[in-house]
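Asks: Just passing along the structure, written as structure tokens.
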Amino acid sequence: MALRFRPSLGRPNASVATTADRLIYAVGDVHGRSDLLERLLEQIDSDASQAAIVSRPALIFVGDYVDRGSDSRAVVERVIRLRTEDRYEVRALKGNHEAALLEFLGDATQGPTWAEYGGLQTLASYGVSPPALRSPMGDWEAVRRAFAEALPARHLSFLSTLELTARYGDYIFVHAGIRPGVPISAQQEHDLLWIRDEFLQSHGPHEGVIVHGHTPEPAPFIGPQRIGIDTGAYATGVLTAVRLQGTARTFIQADGRFPRRAAAGPHPPVPTVREPHGA
């Protein structure tokens with residue numbers, strides 16, 4: 001049955017939103033899973049090579065490159081390298097985990113909190129051994145200094161200059177979501193990186209269809225006002241990207257739960273979760 005969406009007072013919704021024929025790939029939260037990122041990029045490269053396009057495709061990362069998974073360093077390095085190549089217009093957005101990493105670099109007292117939700121794995125990927133979580137703060141200061149020395153300058157520059165939003169056609173890309181009723185130009189960084197329920201439970205309308213990560217869901221989500229692409233890669237082994245071109249929307253996934261296929265072939269349909277009120 002074809003989906004029907006409620007009208008949105010003249011604002012674009014996911015049933016009619018368009019990229020104006022620009023080909024866009026938006027990648028969900030990677031969280032240190034460099035293995036899944038490589039698989040996903042292979043699929044994106046294959047898809048882009050067969051697409052009828054005039055300009056370079058846009059490749060947007062919605063943040064959370066680091067923490068939880070085992071290879072944050074390789075993920076950061078890979079995205080940096082992509083930005084030096086000419087295949088895509090790469091837009092790298094800031095996630096709340098990058099914000100937490102930067103806070104720790106500036107203040108050792110943030111170490112225990114960061115460590116509790118994934119920072120330990122990031123430290124290990126840069127060759128830094130953390131203290132026990134309840135260690136004296138002097139131990140965390142030593143770790144902070146060691147991490148600052150181990151972090152390559154290009155990685156620090158990358159992490160320090162991440163964007164908060166990107167916009168193409170009727171789509172707005174952010175990490176977590178937006179504060180409903182607030183213009184995009186007036187959004188606060190904390191909301192863009194951390195918001196959950198106020199955004200997820202809002203029915204809009206918004207200035208555009210919001211494409212975001214941050215809140216893991218069992219499958220990619222399409223509702224009238226948002227598309228969620230965080231499928232919890234670090235825990236599920238599934239990394240998701242949404243492909244947008246014109247009014248078409250499809251998903252590409254790297255699934256680490258199964259061996260690589262010997263030959264490329266059609267991908268099975270990716271299930272989506274839809275808001276009950278949007279059907």
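To be explicit about the labels: the chains of the structure tokens are called A, B, and onward in the order shown, and within each one the residues are counted from 1, while ligands get numbers from 1 in the order they are shown.
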Sort by chain and increasing residue number a table of all residues of range 62-149 of chain A within 9 Å of range 191-198 of chain A, each with its closest pair of atoms and their distance in Å to one decimal, counting only C-alpha atoms, and write it as CSV.

Replies:
residue,atom,partner,partner_atom,distance
A:Gly63,CA,A:Leu193,CA,8.8
A:Lys94,CA,A:Leu193,CA,7.3
A:Gly95,CA,A:Leu193,CA,5.5
A:Asn96,CA,A:Leu193,CA,4.9
A:His97,CA,A:Leu193,CA,8.7
A:Ala99,CA,A:Leu193,CA,8.3

Asks: Limited to N, CA and C atoms, could you put the picked residues into a file as a PDB file, in the first residue's frame?

Replies:
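selection-v8.pdb written:
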ATOM      1  N   GLY A  63      28.022  12.358  12.060  1.00  0.00           N
ATOM      2  CA  GLY A  63      28.736  12.455  13.329  1.00  0.00           C
ATOM      3  C   GLY A  63      28.824  11.152  14.094  1.00  0.00           C
ATOM      4  N   LYS A  94      29.394  17.185  13.239  1.00  0.00           N
ATOM      5  CA  LYS A  94      29.837  16.925  14.609  1.00  0.00           C
ATOM      6  C   LYS A  94      28.774  16.144  15.372  1.00  0.00           C
ATOM      7  N   GLY A  95      29.226  15.125  16.106  1.00  0.00           N
ATOM      8  CA  GLY A  95      28.337  14.381  16.979  1.00  0.00           C
ATOM      9  C   GLY A  95      28.646  14.668  18.432  1.00  0.00           C
ATOM     10  N   ASN A  96      27.761  14.213  19.316  1.00  0.00           N
ATOM     11  CA  ASN A  96      27.985  14.446  20.740  1.00  0.00           C
ATOM     12  C   ASN A  96      29.229  13.726  21.260  1.00  0.00           C
ATOM     13  N   HIS A  97      29.633  12.636  20.612  1.00  0.00           N
ATOM     14  CA  HIS A  97      30.836  11.929  21.067  1.00  0.00           C
ATOM     15  C   HIS A  97      32.105  12.689  20.690  1.00  0.00           C
ATOM     16  N   ALA A  99      32.120  15.920  20.597  1.00  0.00           N
ATOM     17  CA  ALA A  99      32.090  17.006  21.583  1.00  0.00           C
ATOM     18  C   ALA A  99      32.670  16.541  22.911  1.00  0.00           C
TER      19      ALA A  99
END

Asks: Which residues are close to Asp71 in chain A, i.e. within 9 Å by only C-alpha atoms, leaving aside same-chain residues fewer than 2 positions away? Reply as a PDB file with N, CA and C atoms, in the first residue's frame.

Replies:
ATOM      1  N   HIS A  31      30.854   5.062  14.982  1.00  0.00           N
ATOM      2  CA  HIS A  31      31.322   4.622  16.304  1.00  0.00           C
ATOM      3  C   HIS A  31      32.466   3.613  16.242  1.00  0.00           C
ATOM      4  N   GLY A  32      33.524   3.979  15.556  1.00  0.00           N
ATOM      5  CA  GLY A  32      34.722   3.167  15.588  1.00  0.00           C
ATOM      6  C   GLY A  32      34.683   1.893  14.781  1.00  0.00           C
ATOM      7  N   ARG A  33      33.625   1.651  14.021  1.00  0.00           N
ATOM      8  CA  ARG A  33      33.537   0.426  13.227  1.00  0.00           C
ATOM      9  C   ARG A  33      34.101   0.688  11.833  1.00  0.00           C
ATOM     10  N   SER A  34      35.419   0.742  11.757  1.00  0.00           N
ATOM     11  CA  SER A  34      36.073   1.002  10.478  1.00  0.00           C
ATOM     12  C   SER A  34      35.814  -0.115   9.486  1.00  0.00           C
ATOM     13  N   ASP A  35      35.630  -1.338   9.967  1.00  0.00           N
ATOM     14  CA  ASP A  35      35.344  -2.458   9.073  1.00  0.00           C
ATOM     15  C   ASP A  35      34.027  -2.243   8.342  1.00  0.00           C
ATOM     16  N   VAL A  66      33.688   8.344  16.591  1.00  0.00           N
ATOM     17  CA  VAL A  66      34.535   7.773  17.643  1.00  0.00           C
ATOM     18  C   VAL A  66      33.693   7.101  18.726  1.00  0.00           C
ATOM     19  N   ASP A  67      34.417   6.389  19.626  1.00  0.00           N
ATOM     20  CA  ASP A  67      33.868   5.764  20.831  1.00  0.00           C
ATOM     21  C   ASP A  67      33.135   4.446  20.524  1.00  0.00           C
ATOM     22  N   ARG A  68      33.132   3.597  21.528  1.00  0.00           N
ATOM     23  CA  ARG A  68      32.380   2.345  21.558  1.00  0.00           C
ATOM     24  C   ARG A  68      32.969   1.266  20.665  1.00  0.00           C
ATOM     25  N   GLY A  69      33.127   1.494  19.388  1.00  0.00           N
ATOM     26  CA  GLY A  69      33.789   0.526  18.528  1.00  0.00           C
ATOM     27  C   GLY A  69      35.290   0.534  18.758  1.00  0.00           C
ATOM     28  N   ARG A  73      40.349   5.609  15.576  1.00  0.00           N
ATOM     29  CA  ARG A  73      41.431   6.281  14.860  1.00  0.00           C
ATOM     30  C   ARG A  73      41.332   6.022  13.350  1.00  0.00           C
ATOM     31  N   ALA A  74      41.074   4.785  12.958  1.00  0.00           N
ATOM     32  CA  ALA A  74      40.987   4.457  11.535  1.00  0.00           C
ATOM     33  C   ALA A  74      39.784   5.125  10.885  1.00  0.00           C
ATOM     34  N   VAL A  75      38.676   5.254  11.616  1.00  0.00           N
ATOM     35  CA  VAL A  75      37.495   5.916  11.065  1.00  0.00           C
ATOM     36  C   VAL A  75      37.793   7.385  10.793  1.00  0.00           C
ATOM     37  N   VAL A  76      38.383   8.059  11.768  1.00  0.00           N
ATOM     38  CA  VAL A  76      38.723   9.470  11.578  1.00  0.00           C
ATOM     39  C   VAL A  76      39.682   9.636  10.399  1.00  0.00           C
ATOM     40  N   GLN A 121      37.498   2.965  24.517  1.00  0.00           N
ATOM     41  CA  GLN A 121      37.855   2.350  23.241  1.00  0.00           C
ATOM     42  C   GLN A 121      38.589   3.333  22.335  1.00  0.00           C
ATOM     43  N   THR A 122      38.206   4.604  22.402  1.00  0.00           N
ATOM     44  CA  THR A 122      38.897   5.604  21.595  1.00  0.00           C
ATOM     45  C   THR A 122      40.326   5.786  22.078  1.00  0.00           C
ATOM     46  N   ALA A 124      42.184   3.610  23.551  1.00  0.00           N
ATOM     47  CA  ALA A 124      42.936   2.416  23.164  1.00  0.00           C
ATOM     48  C   ALA A 124      43.312   2.454  21.691  1.00  0.00           C
ATOM     49  N   SER A 125      42.420   2.987  20.839  1.00  0.00           N
ATOM     50  CA  SER A 125      42.718   3.005  19.406  1.00  0.00           C
ATOM     51  C   SER A 125      43.871   3.952  19.083  1.00  0.00           C
ATOM     52  N   TYR A 126      44.136   4.915  19.976  1.00  0.00           N
ATOM     53  CA  TYR A 126      45.272   5.820  19.807  1.00  0.00           C
ATOM     54  C   TYR A 126      46.472   5.388  20.663  1.00  0.00           C
TER      55      TYR A 126
END

Asks: Among range 21-137 of chain A, which ones does DSSP assign to strand (DSSP E or B) (computed from the backbone)? Answer as a ChimeraX atom specification.

Replies: /A:23-27,58-61,89-93

Asks: My list of candidates is A:Phe104, A:Tyr117, A:Tyr234, A:Tyr88. Which is closest to Arg22 in chain A when distances are computed with only C-alpha atoms?

Replies: A:Tyr88

Asks: To one decimal in Å, tell me the separation between CA of Thr165 in chain A and CA of Leu93 in chain A.

Replies: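 These two atoms are separated by 6.5 Å.
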
Asks: My list of candidates is A:Glu116, A:Ser202, A:Val30, A:Leu162. Which is closest to Gly181 in chain A when distances are computed with only C-alpha atoms?

Replies: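 Residue with the minimum atom-to-atom distance to Gly181 in chain A: A:Ser202.
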
Asks: Enumerate, as a ChimeraX atom specification, the complete set of residues in range 87-161 of chain A that a backbone-based DSSP assignment places in alpha helix (DSSP H).

Replies: /A:96-106,111-114,120-125,137-150,153-160

Asks: Looking at only C-alpha atoms, which of A:Ile222, A:Ile184, A:Ala92, A:Leu123 is the one that sits closest to Ile172 in chain A?

Replies: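 The answer is A:Ile184, which sits nearest to Ile172 in chain A.
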
Asks: Of the candidates A:Glu77, A:Tyr168, A:Gly246, A:Arg134, which one gets nearest to Leu37 in chain A if we count only C-alpha atoms?

Replies: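 Answer, going by the shortest atom-to-atom distance: A:Glu77.
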
Asks: From the set A:Gly111, A:Arg56, A:Phe199, A:Glu42, which residue has the shortest atom-to-atom contact distance to Arg144 in chain A, counting only C-alpha atoms?

Replies: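 Checking each of A:Gly111, A:Arg56, A:Phe199, A:Glu42 against Arg144 in chain A, counting only C-alpha atoms, the winner is A:Gly111.
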
Asks: Work out how far apart CA of Gly169 in chain A and CA of Tyr25 in chain A are and give it in Å to one decimal.

Replies: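 Rounded to one decimal, the two atoms are 13.5 Å apart.
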
Asks: Rank nothing, just name the residue among A:Pro131, A:Asp86, A:Pro218, A:Ala150 nearest to Ala58 in chain A, using only C-alpha atoms.

Replies: A:Asp86

Asks: Which neighbours of Leu200 in chain A fall inside 10 Å, counting only C-alpha atoms, when residues of the same chain fewer than 3 positions from it are skipped, and could you give them as a list in words?

Replies: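 Counting only the stated atoms, we get Ala176, Gly177, Ile178, Arg179, Pro180, Ile195, Arg196, Asp197, His203, Gly204, Thr215, Gly223, Gln225, Arg226 and Gly228 of chain A.
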
Asks: Go ahead and save the picked residues with N, CA and C atoms, as a PDB file, in the first residue's frame.

Replies:
ATOM      1  N   ALA A 176      21.762  14.926  15.916  1.00  0.00           N
ATOM      2  CA  ALA A 176      20.732  14.366  16.789  1.00  0.00           C
ATOM      3  C   ALA A 176      19.316  14.768  16.402  1.00  0.00           C
ATOM      4  N   GLY A 177      19.144  15.993  15.937  1.00  0.00           N
ATOM      5  CA  GLY A 177      17.829  16.520  15.640  1.00  0.00           C
ATOM      6  C   GLY A 177      17.820  18.015  15.856  1.00  0.00           C
ATOM      7  N   ILE A 178      16.639  18.586  15.915  1.00  0.00           N
ATOM      8  CA  ILE A 178      16.506  20.033  16.102  1.00  0.00           C
ATOM      9  C   ILE A 178      15.491  20.319  17.202  1.00  0.00           C
ATOM     10  N   ARG A 179      15.578  21.509  17.762  1.00  0.00           N
ATOM     11  CA  ARG A 179      14.572  21.976  18.718  1.00  0.00           C
ATOM     12  C   ARG A 179      13.347  22.411  17.922  1.00  0.00           C
ATOM     13  N   PRO A 180      12.201  21.708  18.060  1.00  0.00           N
ATOM     14  CA  PRO A 180      11.015  22.063  17.272  1.00  0.00           C
ATOM     15  C   PRO A 180      10.607  23.520  17.487  1.00  0.00           C
ATOM     16  N   ILE A 195      19.751  16.330  21.467  1.00  0.00           N
ATOM     17  CA  ILE A 195      18.303  16.257  21.654  1.00  0.00           C
ATOM     18  C   ILE A 195      17.766  14.871  21.297  1.00  0.00           C
ATOM     19  N   ARG A 196      16.740  14.463  22.019  1.00  0.00           N
ATOM     20  CA  ARG A 196      16.084  13.191  21.695  1.00  0.00           C
ATOM     21  C   ARG A 196      14.561  13.388  21.674  1.00  0.00           C
ATOM     22  N   ASP A 197      13.905  13.170  22.819  1.00  0.00           N
ATOM     23  CA  ASP A 197      12.455  13.040  22.826  1.00  0.00           C
ATOM     24  C   ASP A 197      11.716  14.243  22.270  1.00  0.00           C
ATOM     25  N   HIS A 203       5.838  16.276  15.599  1.00  0.00           N
ATOM     26  CA  HIS A 203       5.301  15.988  14.268  1.00  0.00           C
ATOM     27  C   HIS A 203       5.535  17.135  13.281  1.00  0.00           C
ATOM     28  N   GLY A 204       6.307  18.140  13.706  1.00  0.00           N
ATOM     29  CA  GLY A 204       6.623  19.229  12.792  1.00  0.00           C
ATOM     30  C   GLY A 204       5.455  20.187  12.647  1.00  0.00           C
ATOM     31  N   THR A 215      20.130   8.512  17.755  1.00  0.00           N
ATOM     32  CA  THR A 215      19.228   7.600  18.456  1.00  0.00           C
ATOM     33  C   THR A 215      19.144   6.293  17.688  1.00  0.00           C
ATOM     34  N   GLY A 223       9.813   8.978   8.607  1.00  0.00           N
ATOM     35  CA  GLY A 223       8.548   9.581   9.007  1.00  0.00           C
ATOM     36  C   GLY A 223       8.307  10.812   8.157  1.00  0.00           C
ATOM     37  N   GLN A 225       8.550  13.886   8.771  1.00  0.00           N
ATOM     38  CA  GLN A 225       9.438  15.013   8.978  1.00  0.00           C
ATOM     39  C   GLN A 225      10.881  14.627   9.280  1.00  0.00           C
ATOM     40  N   ARG A 226      11.193  13.352   9.344  1.00  0.00           N
ATOM     41  CA  ARG A 226      12.568  12.974   9.661  1.00  0.00           C
ATOM     42  C   ARG A 226      12.919  11.620   9.071  1.00  0.00           C
ATOM     43  N   GLY A 228      15.783   8.731  10.161  1.00  0.00           N
ATOM     44  CA  GLY A 228      16.790   8.323  11.126  1.00  0.00           C
ATOM     45  C   GLY A 228      17.661   7.213  10.563  1.00  0.00           C
TER      46      GLY A 228
END

Asks: Pick out the residues sitting within 10 Å of Val182 in chain A, and hand them over as a count of residues only; count only C-alpha atoms, and ignore anything fewer than 6 positions along from it in its own chain.

Replies: 3
